[in-house]
$ cat start31.cif   # mmCIF, C-alpha atoms; chains and numbers go by the auth columns
data_data
loop_
_atom_site.group_PDB
_atom_site.id
_atom_site.type_symbol
_atom_site.label_atom_id
_atom_site.label_comp_id
_atom_site.label_asym_id
_atom_site.label_seq_id
_atom_site.Cartn_x
_atom_site.Cartn_y
_atom_site.Cartn_z
_atom_site.B_iso_or_equiv
_atom_site.auth_seq_id
_atom_site.auth_asym_id
ATOM 1 C CA MET A 1 -3.492 -6.280 -15.837 0.00 12 O
ATOM 2 C CA GLU A 2 -5.188 -9.495 -14.752 0.00 13 O
ATOM 3 C CA LEU A 3 -3.983 -11.023 -11.484 0.00 14 O
ATOM 4 C CA GLU A 4 -5.701 -14.047 -9.969 0.00 15 O
ATOM 5 C CA ASN A 5 -4.597 -13.179 -6.436 0.00 16 O
ATOM 6 C CA ILE A 6 -3.394 -10.240 -4.393 0.00 17 O
ATOM 7 C CA VAL A 7 0.367 -10.424 -4.766 0.00 18 O
ATOM 8 C CA PRO A 8 3.276 -9.273 -2.548 0.00 19 O
ATOM 9 C CA TRP A 9 4.962 -6.489 -4.501 0.00 20 O
ATOM 10 C CA GLY A 10 7.062 -3.987 -2.551 0.00 21 O
ATOM 11 C CA ARG A 11 7.658 -0.284 -3.084 0.00 22 O
ATOM 12 C CA ASN A 12 10.294 1.978 -1.581 0.00 23 O
ATOM 13 C CA PHE A 13 10.301 5.098 0.576 0.00 24 O
ATOM 14 C CA ALA A 14 10.565 7.540 -2.329 0.00 25 O
ATOM 15 C CA GLU A 15 7.460 6.034 -3.904 0.00 26 O
ATOM 16 C CA TYR A 16 5.510 6.158 -0.641 0.00 27 O
ATOM 17 C CA ARG A 17 6.539 9.779 -0.128 0.00 28 O
ATOM 18 C CA ASP A 18 5.242 10.747 -3.568 0.00 29 O
ATOM 19 C CA MET A 19 2.148 8.518 -3.537 0.00 30 O
ATOM 20 C CA PHE A 20 0.953 9.838 -0.189 0.00 31 O
ATOM 21 C CA VAL A 21 2.351 13.396 -0.386 0.00 32 O
ATOM 22 C CA LEU A 22 4.246 12.813 2.854 0.00 33 O
ATOM 23 C CA SER A 23 5.743 15.903 4.471 0.00 34 O
ATOM 24 C CA GLY A 24 8.525 16.022 7.021 0.00 35 O
ATOM 25 C CA GLU A 25 5.843 16.569 9.649 0.00 36 O
ATOM 26 C CA ASP A 26 3.963 13.475 8.475 0.00 37 O
ATOM 27 C CA LEU A 27 7.073 11.366 8.889 0.00 38 O
ATOM 28 C CA GLN A 28 7.302 12.376 12.558 0.00 39 O
ATOM 29 C CA LYS A 29 3.887 10.816 13.241 0.00 40 O
ATOM 30 C CA GLU A 30 2.988 7.344 14.465 0.00 41 O
ATOM 31 C CA ILE A 31 2.279 5.582 11.153 0.00 42 O
ATOM 32 C CA ILE A 32 0.566 2.308 10.336 0.00 43 O
ATOM 33 C CA GLY A 33 0.969 0.793 6.889 0.00 44 O
ATOM 34 C CA CYS A 34 -1.965 -1.473 6.022 0.00 45 O
ATOM 35 C CA GLY A 35 -1.071 -4.122 3.461 0.00 46 O
ATOM 36 C CA ASP A 36 2.560 -3.019 3.188 0.00 47 O
ATOM 37 C CA GLY A 37 3.728 -6.463 2.130 0.00 48 O
ATOM 38 C CA PRO A 38 7.451 -6.575 1.274 0.00 49 O
ATOM 39 C CA ALA A 39 7.853 -2.782 0.942 0.00 50 O
ATOM 40 C CA SER A 40 11.018 -1.106 2.212 0.00 51 O
ATOM 41 C CA PHE A 41 9.117 1.945 3.532 0.00 52 O
ATOM 42 C CA ASN A 42 9.160 0.654 7.103 0.00 53 O
ATOM 43 C CA VAL A 43 12.882 -0.031 7.296 0.00 54 O
ATOM 44 C CA GLU A 44 13.802 3.215 5.520 0.00 55 O
ATOM 45 C CA VAL A 45 11.653 5.382 7.801 0.00 56 O
ATOM 46 C CA THR A 46 12.893 3.501 10.859 0.00 57 O
ATOM 47 C CA GLN A 47 16.470 4.248 9.848 0.00 58 O
ATOM 48 C CA MET A 48 15.492 7.938 9.633 0.00 59 O
ATOM 49 C CA GLY A 49 14.243 7.810 13.225 0.00 60 O
ATOM 50 C CA GLY A 50 10.555 7.463 12.358 0.00 61 O
ATOM 51 C CA ARG A 51 7.935 5.127 13.837 0.00 62 O
ATOM 52 C CA VAL A 52 6.100 2.761 11.515 0.00 63 O
ATOM 53 C CA VAL A 53 4.156 -0.441 12.107 0.00 64 O
ATOM 54 C CA SER A 54 3.327 -2.485 9.009 0.00 65 O
ATOM 55 C CA VAL A 55 0.423 -4.952 8.962 0.00 66 O
ATOM 56 C CA ASP A 56 0.035 -7.684 6.360 0.00 67 O
ATOM 57 C CA PRO A 57 -1.025 -11.348 6.321 0.00 68 O
ATOM 58 C CA ILE A 58 2.316 -12.384 4.817 0.00 69 O
ATOM 59 C CA TYR A 59 4.059 -11.536 8.105 0.00 70 O
ATOM 60 C CA ALA A 60 2.636 -14.765 9.504 0.00 71 O
ATOM 61 C CA PHE A 61 5.210 -16.545 7.342 0.00 72 O
ATOM 62 C CA SER A 62 8.944 -17.016 7.642 0.00 73 O
ATOM 63 C CA ALA A 63 11.488 -14.993 5.702 0.00 74 O
ATOM 64 C CA GLU A 64 12.230 -18.046 3.569 0.00 75 O
ATOM 65 C CA GLN A 65 8.556 -18.534 2.735 0.00 76 O
ATOM 66 C CA ILE A 66 8.060 -14.874 1.842 0.00 77 O
ATOM 67 C CA ALA A 67 11.166 -14.874 -0.354 0.00 78 O
ATOM 68 C CA GLY A 68 9.831 -17.945 -2.154 0.00 79 O
ATOM 69 C CA ARG A 69 6.475 -16.270 -2.742 0.00 80 O
ATOM 70 C CA ILE A 70 8.180 -13.142 -4.113 0.00 81 O
ATOM 71 C CA ASP A 71 10.145 -15.287 -6.553 0.00 82 O
ATOM 72 C CA GLU A 72 6.909 -16.980 -7.645 0.00 83 O
ATOM 73 C CA VAL A 73 4.973 -13.788 -8.345 0.00 84 O
ATOM 74 C CA ALA A 74 7.779 -11.619 -9.765 0.00 85 O
ATOM 75 C CA GLU A 75 7.819 -13.458 -13.087 0.00 86 O
ATOM 76 C CA VAL A 76 4.013 -13.346 -13.343 0.00 87 O
ATOM 77 C CA VAL A 77 3.783 -9.641 -12.540 0.00 88 O
ATOM 78 C CA MET A 78 6.590 -8.639 -14.885 0.00 89 O
ATOM 79 C CA ALA A 79 5.093 -10.701 -17.715 0.00 90 O
ATOM 80 C CA GLN A 80 1.837 -8.802 -17.218 0.00 91 O
ATOM 81 C CA VAL A 81 3.684 -5.467 -17.188 0.00 92 O
ATOM 82 C CA ARG A 82 5.530 -6.249 -20.428 0.00 93 O
ATOM 83 C CA GLN A 83 2.266 -7.253 -22.109 0.00 94 O
ATOM 84 C CA ASN A 84 0.635 -3.999 -20.987 0.00 95 O
ATOM 85 C CA THR A 85 3.382 -1.383 -21.300 0.00 96 O
ATOM 86 C CA HIS A 86 0.865 1.039 -22.833 0.00 97 O
ATOM 87 C CA ARG A 87 -1.019 1.141 -19.540 0.00 98 O
ATOM 88 C CA PHE A 88 1.912 2.698 -17.651 0.00 99 O
ATOM 89 C CA VAL A 89 3.659 6.068 -17.543 0.00 100 O
ATOM 90 C CA TRP A 90 7.340 5.459 -18.235 0.00 101 O
ATOM 91 C CA LYS A 91 8.644 8.695 -16.774 0.00 102 O
ATOM 92 C CA ASN A 92 10.386 8.243 -13.409 0.00 103 O
ATOM 93 C CA ILE A 93 10.728 4.559 -14.249 0.00 104 O
ATOM 94 C CA PRO A 94 11.926 4.399 -17.873 0.00 105 O
ATOM 95 C CA ASP A 95 11.322 0.738 -18.755 0.00 106 O
ATOM 96 C CA PRO A 96 10.245 -2.683 -17.394 0.00 107 O
ATOM 97 C CA ASP A 97 13.813 -3.756 -16.640 0.00 108 O
ATOM 98 C CA THR A 98 14.337 -0.712 -14.413 0.00 109 O
ATOM 99 C CA LEU A 99 10.993 -1.383 -12.763 0.00 110 O
ATOM 100 C CA TYR A 100 12.078 -4.925 -11.943 0.00 111 O
ATOM 101 C CA THR A 101 15.344 -3.655 -10.449 0.00 112 O
ATOM 102 C CA ILE A 102 13.598 -1.035 -8.289 0.00 113 O
ATOM 103 C CA ARG A 103 10.990 -3.496 -7.025 0.00 114 O
ATOM 104 C CA MET A 104 13.494 -6.249 -6.231 0.00 115 O
ATOM 105 C CA GLU A 105 15.814 -3.788 -4.445 0.00 116 O
ATOM 106 C CA ALA A 106 12.919 -2.647 -2.248 0.00 117 O
ATOM 107 C CA MET A 107 11.881 -6.211 -1.478 0.00 118 O
ATOM 108 C CA TYR A 108 15.428 -7.371 -0.747 0.00 119 O
ATOM 109 C CA ARG A 109 15.831 -4.446 1.639 0.00 120 O
ATOM 110 C CA PHE A 110 12.616 -5.504 3.374 0.00 121 O
ATOM 111 C CA MET A 111 13.867 -9.100 3.593 0.00 122 O
ATOM 112 C CA GLU A 112 17.116 -7.993 5.223 0.00 123 O
ATOM 113 C CA ASP A 113 15.123 -6.135 7.900 0.00 124 O
ATOM 114 C CA TYR A 114 12.265 -8.604 8.307 0.00 125 O
ATOM 115 C CA GLU A 115 13.403 -10.726 11.245 0.00 126 O
ATOM 116 C CA ALA A 116 14.679 -7.768 13.296 0.00 127 O
ATOM 117 C CA GLY A 117 11.607 -5.717 12.450 0.00 128 O
ATOM 118 C CA LYS A 118 9.265 -8.546 13.364 0.00 129 O
ATOM 119 C CA SER A 119 11.000 -8.986 16.727 0.00 130 O
ATOM 120 C CA ALA A 120 10.687 -5.245 17.343 0.00 131 O
ATOM 121 C CA GLY A 121 6.952 -5.316 16.586 0.00 132 O
ATOM 122 C CA ARG A 122 7.268 -3.313 13.362 0.00 133 O
ATOM 123 C CA TYR A 123 5.877 -6.126 11.188 0.00 134 O
ATOM 124 C CA VAL A 124 2.591 -7.494 12.514 0.00 135 O
ATOM 125 C CA ALA A 125 0.643 -10.322 10.905 0.00 136 O
ATOM 126 C CA GLY A 126 -2.944 -9.243 10.324 0.00 137 O
ATOM 127 C CA SER A 127 -5.646 -8.808 7.715 0.00 138 O
ATOM 128 C CA LEU A 128 -8.254 -6.161 7.091 0.00 139 O
ATOM 129 C CA PRO A 129 -11.009 -5.643 8.071 0.00 140 O
ATOM 130 C CA GLU A 130 -9.752 -6.463 11.587 0.00 141 O
ATOM 131 C CA LEU A 131 -6.712 -4.852 13.222 0.00 142 O
ATOM 132 C CA SER A 132 -5.281 -5.852 16.594 0.00 143 O
ATOM 133 C CA PHE A 133 -4.575 -2.325 17.859 0.00 144 O
ATOM 134 C CA ASP A 134 -6.234 -0.026 20.379 0.00 145 O
ATOM 135 C CA GLU A 135 -8.498 2.778 19.228 0.00 146 O
ATOM 136 C CA GLY A 136 -6.564 5.874 18.194 0.00 147 O
ATOM 137 C CA ARG A 137 -3.167 4.174 18.402 0.00 148 O
ATOM 138 C CA PHE A 138 -1.809 5.862 15.252 0.00 149 O
ATOM 139 C CA ASP A 139 -1.752 9.367 13.828 0.00 150 O
ATOM 140 C CA LEU A 140 -1.628 8.352 10.166 0.00 151 O
ATOM 141 C CA ALA A 141 -2.548 5.222 8.196 0.00 152 O
ATOM 142 C CA LEU A 142 -1.286 4.498 4.686 0.00 153 O
ATOM 143 C CA CYS A 143 -2.768 1.882 2.381 0.00 154 O
ATOM 144 C CA SER A 144 -0.830 1.278 -0.844 0.00 155 O
ATOM 145 C CA HIS A 145 -2.044 -0.772 -3.810 0.00 156 O
ATOM 146 C CA LEU A 146 -4.712 -2.813 -2.057 0.00 157 O
ATOM 147 C CA LEU A 147 -8.041 -1.042 -1.630 0.00 158 O
ATOM 148 C CA PHE A 148 -9.611 0.124 -4.921 0.00 159 O
ATOM 149 C CA LEU A 149 -6.864 -1.553 -6.976 0.00 160 O
ATOM 150 C CA TYR A 150 -8.212 -5.074 -6.388 0.00 161 O
ATOM 151 C CA GLU A 151 -11.869 -4.184 -6.891 0.00 162 O
ATOM 152 C CA LYS A 152 -12.630 -7.600 -8.404 0.00 163 O
ATOM 153 C CA HIS A 153 -11.248 -9.343 -5.333 0.00 164 O
ATOM 154 C CA LEU A 154 -12.555 -6.959 -2.637 0.00 165 O
ATOM 155 C CA ASP A 155 -16.166 -5.773 -2.826 0.00 166 O
ATOM 156 C CA LEU A 156 -17.690 -2.523 -1.573 0.00 167 O
ATOM 157 C CA ALA A 157 -18.744 -4.071 1.746 0.00 168 O
ATOM 158 C CA PHE A 158 -15.127 -5.072 2.366 0.00 169 O
ATOM 159 C CA HIS A 159 -13.951 -1.532 1.567 0.00 170 O
ATOM 160 C CA GLU A 160 -16.486 -0.032 3.977 0.00 171 O
ATOM 161 C CA ALA A 161 -15.546 -2.378 6.818 0.00 172 O
ATOM 162 C CA ALA A 162 -11.806 -2.058 6.153 0.00 173 O
ATOM 163 C CA VAL A 163 -11.741 1.731 6.083 0.00 174 O
ATOM 164 C CA LEU A 164 -13.908 2.044 9.214 0.00 175 O
ATOM 165 C CA GLU A 165 -11.491 -0.292 10.988 0.00 176 O
ATOM 166 C CA ILE A 166 -8.467 1.708 9.863 0.00 177 O
ATOM 167 C CA LEU A 167 -10.200 4.893 11.034 0.00 178 O
ATOM 168 C CA ARG A 168 -10.749 3.241 14.406 0.00 179 O
ATOM 169 C CA VAL A 169 -7.005 2.949 14.982 0.00 180 O
ATOM 170 C CA ALA A 170 -5.760 6.060 13.103 0.00 181 O
ATOM 171 C CA ASP A 171 -6.750 9.724 13.004 0.00 182 O
ATOM 172 C CA GLU A 172 -6.170 10.043 9.265 0.00 183 O
ATOM 173 C CA VAL A 173 -6.164 7.546 6.387 0.00 184 O
ATOM 174 C CA ARG A 174 -4.560 7.921 2.961 0.00 185 O
ATOM 175 C CA ILE A 175 -5.246 5.394 0.201 0.00 186 O
ATOM 176 C CA PHE A 176 -3.432 5.108 -3.151 0.00 187 O
ATOM 177 C CA PRO A 177 -4.188 4.550 -6.023 0.00 188 O
ATOM 178 C CA LEU A 178 -7.863 5.134 -6.821 0.00 189 O
ATOM 179 C CA VAL A 179 -7.847 3.091 -10.028 0.00 190 O
ATOM 180 C CA THR A 180 -8.231 -0.634 -10.667 0.00 191 O
ATOM 181 C CA LEU A 181 -5.712 -3.018 -12.207 0.00 192 O
ATOM 182 C CA GLU A 182 -7.272 -2.114 -15.574 0.00 193 O
ATOM 183 C CA ASN A 183 -6.581 1.605 -14.955 0.00 194 O
ATOM 184 C CA ARG A 184 -10.280 2.362 -14.604 0.00 195 O
ATOM 185 C CA PRO A 185 -11.548 4.647 -11.826 0.00 196 O
ATOM 186 C CA SER A 186 -12.611 2.332 -9.043 0.00 197 O
ATOM 187 C CA PRO A 187 -16.384 1.780 -8.920 0.00 198 O
ATOM 188 C CA HIS A 188 -16.076 1.644 -5.125 0.00 199 O
ATOM 189 C CA LEU A 189 -14.723 5.190 -4.726 0.00 200 O
ATOM 190 C CA GLU A 190 -17.884 7.294 -4.939 0.00 201 O
ATOM 191 C CA PRO A 191 -20.074 4.903 -2.886 0.00 202 O
ATOM 192 C CA LEU A 192 -17.367 4.636 -0.223 0.00 203 O
ATOM 193 C CA MET A 193 -16.975 8.402 0.033 0.00 204 O
ATOM 194 C CA LYS A 194 -20.755 8.771 0.388 0.00 205 O
ATOM 195 C CA PHE A 195 -20.788 6.039 3.058 0.00 206 O
ATOM 196 C CA LEU A 196 -18.046 7.789 5.047 0.00 207 O
ATOM 197 C CA THR A 197 -19.422 11.316 4.634 0.00 208 O
ATOM 198 C CA GLU A 198 -22.766 10.163 6.008 0.00 209 O
ATOM 199 C CA ARG A 199 -20.908 8.977 9.113 0.00 210 O
ATOM 200 C CA GLY A 200 -19.216 12.311 9.712 0.00 211 O
ATOM 201 C CA TYR A 201 -15.861 11.772 8.036 0.00 212 O
ATOM 202 C CA THR A 202 -14.231 14.222 5.645 0.00 213 O
ATOM 203 C CA CYS A 203 -13.081 12.740 2.328 0.00 214 O
ATOM 204 C CA GLU A 204 -10.779 14.488 -0.130 0.00 215 O
ATOM 205 C CA VAL A 205 -9.338 13.261 -3.434 0.00 216 O
ATOM 206 C CA CYS A 206 -5.830 14.720 -3.681 0.00 217 O
ATOM 207 C CA LYS A 207 -3.462 14.997 -6.641 0.00 218 O
ATOM 208 C CA THR A 208 -0.071 13.399 -6.046 0.00 219 O
ATOM 209 C CA ASP A 209 3.412 13.621 -7.530 0.00 220 O
ATOM 210 C CA TYR A 210 3.321 9.942 -8.464 0.00 221 O
ATOM 211 C CA GLU A 211 1.886 8.292 -11.560 0.00 222 O
ATOM 212 C CA PHE A 212 2.907 4.893 -12.848 0.00 223 O
ATOM 213 C CA GLN A 213 -0.446 3.440 -13.839 0.00 224 O
ATOM 214 C CA LYS A 214 -2.034 5.806 -16.330 0.00 225 O
ATOM 215 C CA GLY A 215 -4.602 7.870 -14.472 0.00 226 O
ATOM 216 C CA GLY A 216 -3.355 6.605 -11.133 0.00 227 O
ATOM 217 C CA ASP A 217 -2.134 9.923 -9.767 0.00 228 O
ATOM 218 C CA THR A 218 -4.629 10.625 -6.971 0.00 229 O
ATOM 219 C CA MET A 219 -5.087 9.457 -3.397 0.00 230 O
ATOM 220 C CA LEU A 220 -8.033 9.504 -1.032 0.00 231 O
ATOM 221 C CA ARG A 221 -7.520 11.346 2.254 0.00 232 O
ATOM 222 C CA ILE A 222 -9.991 10.604 5.048 0.00 233 O
ATOM 223 C CA CYS A 223 -10.163 12.378 8.409 0.00 234 O
#
$ encode --input "start31.cif" --output "structure tokens"
Amino acid sequence: MELENIVPWGRNFAEYRDMFVLSGEDLQKEIIGCGDGPASFNVEVTQMGGRVVSVDPIYAFSAEQIAGRIDEVAEVVMAQVRQNTHRFVWKNIPDPDTLYTIRMEAMYRFMEDYEAGKSAGRYVAGSLPELSFDEGRFDLALCSHLLFLYEKHLDLAFHEAAVLEILRVADEVRIFPLVTLENRPSPHLEPLMKFLTERGYTCEVCKTDYEFQKGGDTMLRIC
């Protein structure tokens, strides 16, 4: 996969649950999603009675603008997927057409909730490595398909600053996946874990129940 920019590409609750090994207890916590983009995780958890705040730079834009951007990138992303089908595990998602349906359903569900969620403070415009929340505001932070994945766009210094900032506002951080767009183990993983361990944090690479990119079946848990 070769993407020129970080693209808005939403995933649903079931995927978040499997990617981050979320338990029923986890879903009762105050959660922040960093870089959630047009995922439907927020609206689905909210409808279950949970508490989630999603942060992403795209929330500075209107619903119409976000929908237009999704339409722009969907064709590009799916073309890349179809050219690289060998790089994916077609198990829970059997083929590219099903993938497209699942992704668009998640993003449409987000779009339907966007204005109400933004008014309620559940969608907050912001960009790592700076978050506009008080220290210790959240119990759990989730970061899906941003850190490590875009290693050509985001260097090690960015990863260090971003994770320290997330740890400032949340007691625990979970990041998925730990591979790059080319399905290679991220070169930032080991240096970042060393950086955090030296500062007193506990880092654990955990196996998950989710694998779509080949080799992308682990998350990093930081406390």
$ resolve_selection --input "start31.cif" --expression "the PyMOL selection byres ((chain O and resi 44) around 9)" --output "ChimeraX atom specification"
/O:42-43,45-47,52-53,63-67,151-155
$ residues_near_point --input "start31.cif" --point "(15.2, 9.5, 4.1)" --cutoff "9 Å" --atoms "all atoms listed in the file" --output "ChimeraX atom specification"
/O:24-25,55-56,58-59
$ atom_distance --input "start31.cif" --atom1 "CA of Phe72 in chain O" --atom2 "CA of Pro19 in chain O"
12.4 Å
$ resolve_selection --input "start31.cif" --expression "the PyMOL selection byres ((chain O and resi 176) around 8)" --output "list of chain:residue names"
O:Leu139, O:Pro140, O:Glu141, O:Leu142, O:Ala172, O:Ala173, O:Val174, O:Leu175, O:Ile177, O:Leu178, O:Arg179, O:Val180
$ closest_residue --input "start31.cif" --among "O:Met230, O:Met122, O:Ala71, O:Leu192" --to "Val88 in chain O" --atoms "only C-alpha atoms"
O:Leu192
$ resolve_selection --input "start31.cif" --expression "the PyMOL selection byres ((chain O and resi 96) around 12)" --output "ChimeraX atom specification"
/O:12,89-95,97-101,104-108,110,223-225
$ decode --input "start31.cif" --residues "range 207-226 of chain O" --atoms "N, CA and C atoms" --output "tab-separated table (two decimals), in the first residue's frame"
chain	number	residue	atom	x	y	z
O	207	LEU	N	9.77	4.89	26.28
O	207	LEU	CA	8.72	4.93	27.30
O	207	LEU	C	9.14	4.18	28.56
O	208	THR	N	9.78	3.03	28.39
O	208	THR	CA	10.23	2.25	29.54
O	208	THR	C	11.22	3.04	30.39
O	209	GLU	N	12.09	3.78	29.74
O	209	GLU	CA	13.06	4.61	30.45
O	209	GLU	C	12.39	5.71	31.25
O	210	ARG	N	11.16	6.04	30.91
O	210	ARG	CA	10.42	7.08	31.62
O	210	ARG	C	9.40	6.50	32.60
O	211	GLY	N	9.50	5.20	32.85
O	211	GLY	CA	8.70	4.59	33.90
O	211	GLY	C	7.39	3.97	33.46
O	212	TYR	N	7.14	3.93	32.16
O	212	TYR	CA	5.90	3.33	31.67
O	212	TYR	C	6.10	1.84	31.40
O	213	THR	N	5.02	1.10	31.48
O	213	THR	CA	5.03	-0.33	31.17
O	213	THR	C	4.46	-0.53	29.77
O	214	CYS	N	5.20	-1.21	28.93
O	214	CYS	CA	4.78	-1.46	27.54
O	214	CYS	C	4.62	-2.96	27.33
O	215	GLU	N	3.52	-3.34	26.69
O	215	GLU	CA	3.26	-4.75	26.42
O	215	GLU	C	2.68	-4.91	25.02
O	216	VAL	N	3.27	-5.79	24.22
O	216	VAL	CA	2.73	-6.13	22.91
O	216	VAL	C	1.76	-7.29	23.10
O	217	CYS	N	0.51	-7.09	22.74
O	217	CYS	CA	-0.55	-8.06	23.00
O	217	CYS	C	-1.13	-8.62	21.70
O	218	LYS	N	-1.36	-9.90	21.67
O	218	LYS	CA	-2.04	-10.55	20.54
O	218	LYS	C	-3.51	-10.16	20.55
O	219	THR	N	-4.09	-9.97	19.38
O	219	THR	CA	-5.50	-9.61	19.30
O	219	THR	C	-6.27	-10.65	18.49
O	220	ASP	N	-7.59	-10.47	18.46
O	220	ASP	CA	-8.45	-11.35	17.68
O	220	ASP	C	-8.70	-10.81	16.28
O	221	TYR	N	-7.94	-9.78	15.90
O	221	TYR	CA	-8.19	-9.10	14.63
O	221	TYR	C	-6.94	-9.15	13.76
O	222	GLU	N	-7.10	-9.57	12.52
O	222	GLU	CA	-6.01	-9.49	11.55
O	222	GLU	C	-6.61	-9.30	10.17
O	223	PHE	N	-6.35	-8.14	9.59
O	223	PHE	CA	-6.72	-7.89	8.21
O	223	PHE	C	-5.46	-7.70	7.37
O	224	GLN	N	-4.59	-6.79	7.78
O	224	GLN	CA	-3.26	-6.76	7.17
O	224	GLN	C	-2.49	-7.99	7.65
O	225	LYS	N	-1.80	-8.64	6.76
O	225	LYS	CA	-1.01	-9.80	7.17
O	225	LYS	C	0.05	-9.37	8.18
O	226	GLY	N	0.07	-10.07	9.30
O	226	GLY	CA	1.01	-9.74	10.36
O	226	GLY	C	0.53	-8.65	11.28
